[in-house]
>>> print(open('my_file.txt').read())   # compact mmCIF, C-alpha atoms
# COMPACT_ATOMS: atom_id res chain seq x y z
CA MET A 183 67.99 55.47 -29.25
CA PRO A 184 70.20 58.53 -29.95
CA ILE A 185 73.07 58.14 -32.40
CA ALA A 186 76.36 59.89 -31.63
CA GLU A 187 76.88 62.98 -33.79
CA ASP A 188 80.15 61.72 -35.25
CA VAL A 189 78.64 58.42 -36.45
CA THR A 190 77.86 58.37 -40.17
CA GLY A 191 77.39 54.66 -40.79
CA GLU A 192 80.32 54.62 -43.17
CA GLU A 193 82.51 53.20 -40.38
CA ILE A 194 81.18 49.66 -40.80
CA ASP A 195 83.11 46.90 -42.55
CA LYS A 196 82.76 46.83 -46.34
CA ASP A 197 81.32 43.30 -46.25
CA VAL A 198 78.58 44.43 -43.87
CA ARG A 199 77.92 47.48 -46.03
CA GLN A 200 77.49 45.18 -48.99
CA GLU A 201 74.95 43.10 -47.07
CA LEU A 202 72.97 46.23 -46.27
CA GLN A 203 72.67 47.12 -49.95
CA SER A 204 69.66 44.82 -50.10
CA LEU A 205 67.78 47.40 -48.00
CA PRO A 206 66.35 50.76 -49.06
CA LYS A 207 69.03 53.45 -48.81
CA THR A 208 67.60 55.37 -45.83
CA LEU A 209 66.90 52.16 -43.93
CA ALA A 210 70.39 50.85 -44.69
CA GLU A 211 71.90 54.06 -43.29
CA ASP A 212 69.89 53.77 -40.07
CA VAL A 213 70.87 50.13 -39.61
CA ALA A 214 74.52 50.92 -40.30
CA LYS A 215 74.58 53.68 -37.68
CA ASN A 216 73.08 51.38 -35.06
CA LEU A 217 75.63 48.68 -35.89
CA VAL A 218 78.43 51.22 -35.46
CA MET A 219 77.05 52.10 -32.03
CA VAL A 220 76.98 48.41 -31.10
CA ALA A 221 80.64 48.01 -32.05
CA ARG A 222 81.60 51.23 -30.23
CA LEU A 223 79.89 50.35 -26.94
CA ILE A 224 80.12 46.59 -26.65
CA ASP A 225 83.27 46.56 -24.49
CA GLU A 226 82.65 49.56 -22.22
CA ASP A 227 78.85 49.64 -22.15
CA PRO A 228 77.42 46.20 -23.03
CA GLU A 229 73.89 47.17 -22.01
CA GLY A 230 73.96 50.19 -24.29
CA ALA A 231 75.32 48.06 -27.14
CA TYR A 232 72.52 45.56 -26.56
CA GLY A 233 69.93 48.34 -26.87
CA TYR A 234 71.29 49.47 -30.24
CA SER A 235 71.46 45.86 -31.45
CA ARG A 236 67.76 45.45 -30.71
CA VAL A 237 67.00 48.53 -32.79
CA ALA A 238 69.04 47.18 -35.70
CA LEU A 239 67.35 43.80 -35.33
CA ARG A 240 63.93 45.38 -35.44
CA LEU A 241 64.86 47.25 -38.62
CA ALA A 242 66.61 44.44 -40.53
CA SER A 243 66.24 40.99 -38.97
CA ARG A 244 66.86 39.28 -42.31
CA VAL A 245 70.41 40.59 -42.60
CA ALA A 246 73.01 38.11 -41.32
CA ALA A 247 75.37 40.82 -40.07
CA VAL A 248 72.58 42.27 -37.95
CA ARG A 249 71.79 38.86 -36.43
CA GLU A 250 75.49 38.35 -35.70
CA ALA A 251 75.83 41.77 -34.05
CA ALA A 252 72.73 41.07 -31.97
CA GLY A 253 74.27 37.75 -30.94
CA PHE A 254 77.51 39.34 -29.75
CA ALA A 255 75.64 42.07 -27.86
CA ALA A 256 73.53 39.43 -26.09
CA TYR A 257 76.66 37.36 -25.41
CA ALA A 258 78.39 40.40 -23.84
CA ASN A 259 75.42 40.69 -21.48
CA GLN A 260 75.51 36.96 -20.65
CA LYS A 261 72.18 36.38 -22.37
CA PHE A 262 73.50 33.08 -23.69
CA SER A 263 70.25 31.54 -24.87
CA GLU A 264 69.40 34.65 -26.91
CA ALA A 265 72.96 34.91 -28.22
CA LEU A 266 72.96 31.27 -29.33
CA ALA A 267 69.68 31.76 -31.20
CA GLU A 268 71.05 34.79 -33.05
CA PHE A 269 74.32 33.04 -33.93
CA ARG A 270 72.42 30.04 -35.27
CA ALA A 271 70.26 32.33 -37.38
CA ALA A 272 73.32 34.11 -38.80
CA ARG A 273 74.95 30.76 -39.58
CA ARG A 274 71.86 29.50 -41.40
CA MET A 275 71.86 32.63 -43.55
CA THR A 276 75.53 32.47 -44.51
CA GLY A 277 76.61 28.86 -44.04
CA ASN A 278 79.73 30.26 -42.37
CA VAL A 279 81.38 28.30 -39.53
CA ASP A 280 83.26 31.25 -37.99
CA LEU A 281 80.74 31.51 -35.15
CA TRP A 282 81.17 27.86 -34.12
CA PRO A 283 83.50 28.53 -31.14
CA VAL A 284 81.36 31.29 -29.64
CA MET A 285 78.27 29.12 -30.13
CA ALA A 286 80.03 26.38 -28.16
CA ASP A 287 80.89 28.88 -25.45
CA CYS A 288 77.20 29.83 -25.23
CA GLU A 289 76.52 26.16 -24.48
CA ARG A 290 79.00 26.46 -21.60
CA GLY A 291 77.22 29.58 -20.39
CA LEU A 292 73.95 27.65 -20.39
CA GLY A 293 75.51 24.99 -18.15
CA ARG A 294 76.00 22.42 -20.92
CA PRO A 295 79.79 21.83 -21.09
CA GLU A 296 79.25 18.36 -22.55
CA LYS A 297 77.54 19.94 -25.56
CA ALA A 298 80.46 22.34 -25.96
CA LEU A 299 82.87 19.39 -26.00
CA ASP A 300 80.74 17.65 -28.63
CA MET A 301 80.99 20.76 -30.78
CA ALA A 302 84.78 20.83 -30.25
CA GLY A 303 84.98 17.43 -31.91
CA ALA A 304 82.61 18.24 -34.79
CA PRO A 305 83.70 18.40 -38.46
CA GLU A 306 83.01 22.15 -38.50
CA VAL A 307 86.16 22.72 -36.43
CA HIS A 308 88.36 21.58 -39.33
CA LYS A 309 86.85 24.34 -41.48
CA LEU A 310 87.93 27.05 -39.06
CA ASP A 311 91.01 29.17 -39.66
CA LYS A 312 93.92 29.04 -37.21
CA ALA A 313 92.45 31.72 -34.93
CA GLY A 314 89.11 29.90 -34.86
CA GLN A 315 90.76 26.60 -34.00
CA VAL A 316 92.68 28.18 -31.12
CA GLU A 317 89.45 29.76 -29.89
CA MET A 318 87.75 26.37 -30.04
CA ARG A 319 90.59 24.87 -28.02
CA LEU A 320 90.14 27.54 -25.36
CA VAL A 321 86.41 26.82 -25.18
CA ALA A 322 87.02 23.07 -24.92
CA ALA A 323 89.53 23.59 -22.10
CA GLY A 324 87.02 25.79 -20.32
CA ALA A 325 84.39 23.06 -20.67
CA ARG A 326 86.79 20.55 -19.13
CA ARG A 327 87.32 22.88 -16.19
CA ASP A 328 83.55 23.30 -15.84
CA MET A 329 83.45 19.53 -15.37
CA ASP A 330 86.34 19.61 -12.83
CA GLN A 331 88.65 17.84 -15.27
CA LEU A 332 91.72 20.00 -14.66
CA ASP A 333 94.31 17.59 -16.06
CA ALA A 334 92.25 17.17 -19.22
CA ALA A 335 91.98 20.95 -19.54
CA ILE A 336 95.76 21.28 -19.32
CA VAL A 337 96.28 18.61 -21.97
CA THR A 338 93.68 20.27 -24.22
CA LEU A 339 95.66 23.51 -24.21
CA GLN A 340 98.98 21.82 -25.00
CA SER A 341 99.38 22.45 -28.71
CA PRO A 342 101.83 23.66 -31.36
CA GLU A 343 100.34 27.16 -30.98
CA LEU A 344 101.15 27.14 -27.25
CA ALA A 345 104.70 25.91 -27.83
CA SER A 346 105.42 28.40 -30.61
CA ASN A 347 107.69 31.35 -29.86
CA SER A 348 105.97 33.56 -32.42
CA VAL A 349 103.43 36.01 -31.04
CA GLN A 350 100.00 35.93 -32.66
CA PRO A 351 96.77 37.71 -31.69
CA TRP A 352 95.71 34.68 -29.67
CA THR A 353 99.06 33.91 -28.01
CA ALA A 354 98.57 35.89 -24.79
CA ARG A 355 95.12 34.44 -24.13
CA LEU A 356 96.28 30.89 -24.83
CA ARG A 357 99.28 31.19 -22.51
CA TYR A 358 97.12 32.84 -19.86
CA ALA A 359 94.54 30.04 -19.97
CA TYR A 360 97.29 27.46 -19.69
CA ALA A 361 98.89 29.24 -16.72
CA ASP A 362 95.52 29.57 -14.99
CA ALA A 363 94.79 25.86 -15.46
CA LEU A 364 98.22 24.94 -14.08
CA LEU A 365 97.64 27.14 -11.04
CA ALA A 366 94.23 25.57 -10.43
CA ALA A 367 95.93 22.18 -10.52
CA GLY A 368 98.44 23.29 -7.87
CA ARG A 369 101.42 23.47 -10.23
CA GLU A 370 102.48 26.96 -9.12
CA GLY A 371 106.03 26.96 -10.48
CA GLU A 372 104.90 26.13 -14.01
CA ALA A 373 101.97 28.52 -13.69
CA ARG A 374 104.28 31.41 -12.83
CA GLU A 375 106.46 30.62 -15.85
CA TRP A 376 103.47 30.71 -18.19
CA PHE A 377 101.97 33.84 -16.68
CA ALA A 378 105.33 35.50 -17.38
CA LYS A 379 105.19 34.26 -20.98
CA ALA A 380 101.65 35.60 -21.28
CA VAL A 381 102.87 39.02 -20.12
CA GLU A 382 105.54 38.99 -22.83
CA ALA A 383 102.92 38.37 -25.51
CA ASP A 384 100.22 40.64 -24.10
CA LYS A 385 101.07 43.87 -25.90
CA ASP A 386 97.56 45.34 -25.70
CA SER A 387 96.74 44.27 -22.11
CA SER A 388 94.00 41.88 -23.19
CA THR A 389 94.57 39.85 -20.01
CA ASP A 390 95.46 40.61 -16.40
CA ALA A 391 98.52 38.36 -16.60
CA SER A 392 100.82 41.01 -15.14
CA ASP A 393 98.58 41.37 -12.08
CA ARG A 394 98.39 37.62 -11.61
CA LEU A 395 102.18 37.36 -11.86
CA ALA A 396 102.68 40.16 -9.35
CA GLU A 397 100.22 38.48 -6.99
CA MET A 398 102.18 35.24 -7.16
CA ASP A 399 105.41 37.14 -6.44
CA GLY A 400 103.84 38.85 -3.44
CA VAL A 401 104.03 42.31 -4.96
CA GLU A 402 101.47 44.70 -3.51
CA PHE A 403 100.48 47.77 -5.47
CA VAL A 404 99.75 50.99 -3.56
CA ASP A 405 97.29 53.57 -4.83
CA VAL A 406 99.18 56.87 -4.58
CA LEU A 407 96.01 58.92 -4.94
CA VAL A 408 94.43 57.20 -1.94
CA GLU A 409 97.59 57.87 0.12
CA ASP A 410 97.48 61.56 -0.79
CA GLU A 411 93.84 61.77 0.28
CA ASP A 412 94.66 60.10 3.59
CA ASP A 413 97.46 62.62 4.23
CA GLU A 414 95.13 65.52 3.52
CA ASN A 415 92.53 64.12 5.89
CA LYS A 416 95.14 63.77 8.66
CA HIS A 417 96.08 67.47 8.45
CA GLU A 418 92.56 68.80 8.24
CA GLY A 419 92.35 69.17 12.07
CA ASP A 420 95.58 71.16 12.19
CA GLU A 421 94.45 73.91 9.84
CA ALA A 422 91.35 76.01 9.50
CA PRO A 423 89.15 74.98 6.60
CA GLN A 424 89.81 76.93 3.47
CA GLY A 425 86.35 78.51 3.51
CA ALA A 426 86.74 79.70 7.12
CA SER A 427 90.18 81.11 6.39
CA SER A 428 88.86 83.06 3.44
CA LEU A 429 86.01 84.40 5.54
CA ALA A 430 88.43 85.52 8.29
CA ASP A 431 90.62 87.26 5.73
CA HIS A 432 87.60 88.98 4.25
CA THR A 433 86.47 90.15 7.70
CA ALA A 434 89.95 91.47 8.48
CA VAL A 435 89.90 93.46 5.25
CA GLU A 436 86.52 94.87 6.11
CA ASP A 437 87.76 95.91 9.60
CA SER A 438 90.81 97.54 8.06
CA ASP A 439 88.64 99.41 5.61
CA ALA A 440 86.42 100.58 8.48
CA ASP A 441 89.46 101.96 10.36
CA VAL A 442 90.63 103.80 7.25
CA ASN A 443 87.16 105.26 6.71
CA ALA A 444 86.99 106.37 10.39
CA ASP A 445 90.34 108.14 10.08
CA ALA A 446 89.14 109.78 6.91
CA ASP A 447 86.01 111.02 8.69
CA VAL A 448 88.13 112.54 11.48
CA GLU A 449 90.34 114.33 8.99
CA GLU A 450 87.28 115.58 7.16
CA ASP A 451 85.84 116.99 10.39
CA LYS A 452 89.11 118.79 11.07
CA ASP A 453 89.06 120.29 7.59
CA VAL A 454 85.48 121.49 8.05
CA GLU A 455 86.37 123.14 11.40
CA GLY A 456 89.38 124.82 9.81
CA VAL A 457 87.24 126.23 7.02
CA ALA A 458 84.71 127.54 9.55
CA ASP A 459 87.44 129.32 11.53
CA VAL A 460 88.72 131.00 8.41
CA GLU A 461 85.25 132.23 7.56
CA ASP A 462 84.82 133.66 11.07
CA ASP A 463 88.10 135.53 10.71
CA LYS A 464 86.91 137.03 7.44
CA ASP A 465 83.83 138.27 9.11
>>> encode(input="my_file.txt", output="structure tokens")
Amino acid sequence: MPIAEDVTGEEIDKDVRQELQSLPKTLAEDVAKNLVMVARLIDEDPEGAYGYSRVALRLASRVAAVREAAGFAAYANQKFSEALAEFRAARRMTGNVDLWPVMADCERGLGRPEKALDMAGAPEVHKLDKAGQVEMRLVAAGARRDMDQLDAAIVTLQSPELASNSVQPWTARLRYAYADALLAAGREGEAREWFAKAVEADKDSSTDASDRLAEMDGVEFVDVLVEDEDDENKHEGDEAPQGASSLADHTAVEDSDADVNADADVEEDKDVEGVADVEDDKD
């Protein structure tokens, strides 16, 4: 697959670059470039990212970072069985528990929420950092909702991180999930309050909390561009099309030029007659 011209492979994380040092230099560079393409495309073009991940996997399947990237690319394309296999492989290679929450979410994607809940109660969760623990809580709440246990999902999300006024990278998503669970349970007043709190924390628009809040408030957004197009379409019957107008103008110019040329011909004939008369007089 083609690599973008501005990709050098040096853009990858230093830890990944260190992992790739076990490969021959040229091979390491090729793998690095494909990993950069995966990271670049995974949000906007998941299928493209998946393609590059398969290339990297074919080149260096024994590198944990490659297996992890392949797992995330498969996960982005909802290939949960494949993603889970890649995450498990990466975990075996490194012994790292960071992938535990996304592995549990793959179990949800495969229709096994009970397995995800089992993983939420496993000892590995205590080894996660704060962000990982919050992510695991979100997955567990999602599993509860998969099982139609709305009240349990709400309780699962109630935590010190949710109650905290400090804004962390996970705050907006946690508040959003809580608001969404409250709304599903019919607690609209509380849901609105938490959607508003999610908006406050969502500095990079990682959720659609503002849209959900506006929807609850009955605010309807109007697409100005669509309105402008409608107005143009309404007036199309009142005016000649631009192409026809230009053609008419061009024809008018041609007619005007023809009149000028005709007048010029008449004048020229007069001049010729005058010259002939003068010549006759000379004779």
>>> residues_around(input="my_file.txt", residues="region 356-372 of chain A", least_positions_apart="4", cutoff="12 Å", atoms="only C-alpha atoms", output="ChimeraX atom specification")
/A:313,315-328,330-347,349-352,376-384,387-395,397-399
>>> atom_distance(input="my_file.txt", atom1="CA of Glu192 (chain A)", atom2="CA of Ala214 (chain A)")
7.5 Å
>>> closest_residue(input="my_file.txt", among="A:Ala286, A:Val245, A:Val220, A:Leu209", to="Gly303 (chain A)", atoms="all atoms listed in the file")
A:Ala286
>>> atom_distance(input="my_file.txt", atom1="CA of Asp287 (chain A)", atom2="CA of Ser235 (chain A)")
20.3 Å
>>> atom_distance(input="my_file.txt", atom1="CA of Leu205 (chain A)", atom2="CA of Ala265 (chain A)")
24.0 Å
>>> closest_residue(input="my_file.txt", among="A:Asn216, A:Ser348, A:Asn278, A:Thr208", to="Ala252 (chain A)", atoms="only C-alpha atoms")
A:Asn216
>>> closest_residue(input="my_file.txt", among="A:Glu264, A:Glu226, A:Ala221, A:Trp282", to="Ala251 (chain A)", atoms="all atoms listed in the file")
A:Ala221
>>> residues_around(input="my_file.txt", residues="Gly253 (chain A)", least_positions_apart="6", cutoff="7 Å", atoms="only C-alpha atoms", output="PDB file with C-alpha atoms, keeping the file's coordinate frame")
ATOM      1  CA  ALA A 265      72.960  34.910 -28.220  1.00  0.00           C
ATOM      2  CA  LEU A 266      72.960  31.270 -29.330  1.00  0.00           C
ATOM      3  CA  GLU A 268      71.050  34.790 -33.050  1.00  0.00           C
ATOM      4  CA  PHE A 269      74.320  33.040 -33.930  1.00  0.00           C
TER       5      PHE A 269
END
>>> closest_residue(input="my_file.txt", among="A:Lys309, A:Leu202, A:Leu239, A:Leu223", to="Gly277 (chain A)", atoms="only C-alpha atoms")
A:Lys309
>>> decode(input="my_file.txt", residues="region 324-340 of chain A", atoms="N, CA, C and O atoms", output="PDB file, in the first residue's frame")
ATOM      1  N   GLY A 324     -21.322  -0.430  30.361  1.00  0.00           N
ATOM      2  CA  GLY A 324     -21.868  -0.801  29.059  1.00  0.00           C
ATOM      3  C   GLY A 324     -22.360  -2.243  29.051  1.00  0.00           C
ATOM      4  O   GLY A 324     -23.400  -2.549  28.455  1.00  0.00           O
ATOM      5  N   ALA A 325     -21.611  -3.128  29.712  1.00  0.00           N
ATOM      6  CA  ALA A 325     -22.028  -4.532  29.793  1.00  0.00           C
ATOM      7  C   ALA A 325     -23.333  -4.665  30.564  1.00  0.00           C
ATOM      8  O   ALA A 325     -24.211  -5.458  30.201  1.00  0.00           O
ATOM      9  N   ARG A 326     -23.476  -3.887  31.615  1.00  0.00           N
ATOM     10  CA  ARG A 326     -24.734  -3.907  32.381  1.00  0.00           C
ATOM     11  C   ARG A 326     -25.902  -3.466  31.496  1.00  0.00           C
ATOM     12  O   ARG A 326     -26.986  -4.050  31.549  1.00  0.00           O
ATOM     13  N   ARG A 327     -25.673  -2.450  30.704  1.00  0.00           N
ATOM     14  CA  ARG A 327     -26.731  -1.977  29.805  1.00  0.00           C
ATOM     15  C   ARG A 327     -27.042  -3.019  28.731  1.00  0.00           C
ATOM     16  O   ARG A 327     -28.200  -3.169  28.320  1.00  0.00           O
ATOM     17  N   ASP A 328     -26.011  -3.724  28.267  1.00  0.00           N
ATOM     18  CA  ASP A 328     -26.244  -4.804  27.302  1.00  0.00           C
ATOM     19  C   ASP A 328     -27.196  -5.846  27.880  1.00  0.00           C
ATOM     20  O   ASP A 328     -27.966  -6.476  27.140  1.00  0.00           O
ATOM     21  N   MET A 329     -27.134  -6.017  29.193  1.00  0.00           N
ATOM     22  CA  MET A 329     -27.964  -7.014  29.874  1.00  0.00           C
ATOM     23  C   MET A 329     -29.254  -6.400  30.421  1.00  0.00           C
ATOM     24  O   MET A 329     -29.948  -7.021  31.221  1.00  0.00           O
ATOM     25  N   ASP A 330     -29.573  -5.159  29.980  1.00  0.00           N
ATOM     26  CA  ASP A 330     -30.786  -4.444  30.410  1.00  0.00           C
ATOM     27  C   ASP A 330     -30.821  -4.194  31.917  1.00  0.00           C
ATOM     28  O   ASP A 330     -31.896  -4.157  32.529  1.00  0.00           O
ATOM     29  N   GLN A 331     -29.650  -4.001  32.496  1.00  0.00           N
ATOM     30  CA  GLN A 331     -29.554  -3.703  33.929  1.00  0.00           C
ATOM     31  C   GLN A 331     -29.197  -2.224  34.088  1.00  0.00           C
ATOM     32  O   GLN A 331     -28.090  -1.870  34.478  1.00  0.00           O
ATOM     33  N   LEU A 332     -30.164  -1.357  33.777  1.00  0.00           N
ATOM     34  CA  LEU A 332     -29.912   0.082  33.762  1.00  0.00           C
ATOM     35  C   LEU A 332     -29.521   0.628  35.123  1.00  0.00           C
ATOM     36  O   LEU A 332     -28.589   1.427  35.242  1.00  0.00           O
ATOM     37  N   ASP A 333     -30.229   0.242  36.155  1.00  0.00           N
ATOM     38  CA  ASP A 333     -29.910   0.745  37.498  1.00  0.00           C
ATOM     39  C   ASP A 333     -28.505   0.334  37.909  1.00  0.00           C
ATOM     40  O   ASP A 333     -27.760   1.137  38.500  1.00  0.00           O
ATOM     41  N   ALA A 334     -28.128  -0.896  37.585  1.00  0.00           N
ATOM     42  CA  ALA A 334     -26.780  -1.367  37.911  1.00  0.00           C
ATOM     43  C   ALA A 334     -25.727  -0.592  37.125  1.00  0.00           C
ATOM     44  O   ALA A 334     -24.641  -0.294  37.636  1.00  0.00           O
ATOM     45  N   ALA A 335     -26.056  -0.237  35.881  1.00  0.00           N
ATOM     46  CA  ALA A 335     -25.129   0.549  35.062  1.00  0.00           C
ATOM     47  C   ALA A 335     -24.904   1.918  35.677  1.00  0.00           C
ATOM     48  O   ALA A 335     -23.767   2.421  35.730  1.00  0.00           O
ATOM     49  N   ILE A 336     -25.991   2.524  36.165  1.00  0.00           N
ATOM     50  CA  ILE A 336     -25.885   3.850  36.797  1.00  0.00           C
ATOM     51  C   ILE A 336     -25.018   3.779  38.045  1.00  0.00           C
ATOM     52  O   ILE A 336     -24.136   4.620  38.259  1.00  0.00           O
ATOM     53  N   VAL A 337     -25.243   2.770  38.860  1.00  0.00           N
ATOM     54  CA  VAL A 337     -24.460   2.605  40.090  1.00  0.00           C
ATOM     55  C   VAL A 337     -22.986   2.353  39.750  1.00  0.00           C
ATOM     56  O   VAL A 337     -22.084   2.869  40.423  1.00  0.00           O
ATOM     57  N   THR A 338     -22.729   1.588  38.707  1.00  0.00           N
ATOM     58  CA  THR A 338     -21.350   1.283  38.302  1.00  0.00           C
ATOM     59  C   THR A 338     -20.573   2.550  37.973  1.00  0.00           C
ATOM     60  O   THR A 338     -19.373   2.658  38.260  1.00  0.00           O
ATOM     61  N   LEU A 339     -21.257   3.525  37.367  1.00  0.00           N
ATOM     62  CA  LEU A 339     -20.590   4.760  36.957  1.00  0.00           C
ATOM     63  C   LEU A 339     -20.421   5.760  38.102  1.00  0.00           C
ATOM     64  O   LEU A 339     -19.643   6.717  37.975  1.00  0.00           O
ATOM     65  N   GLN A 340     -21.140   5.573  39.184  1.00  0.00           N
ATOM     66  CA  GLN A 340     -21.024   6.470  40.335  1.00  0.00           C
ATOM     67  C   GLN A 340     -19.705   6.181  41.045  1.00  0.00           C
ATOM     68  O   GLN A 340     -19.505   5.111  41.602  1.00  0.00           O
TER      69      GLN A 340
END
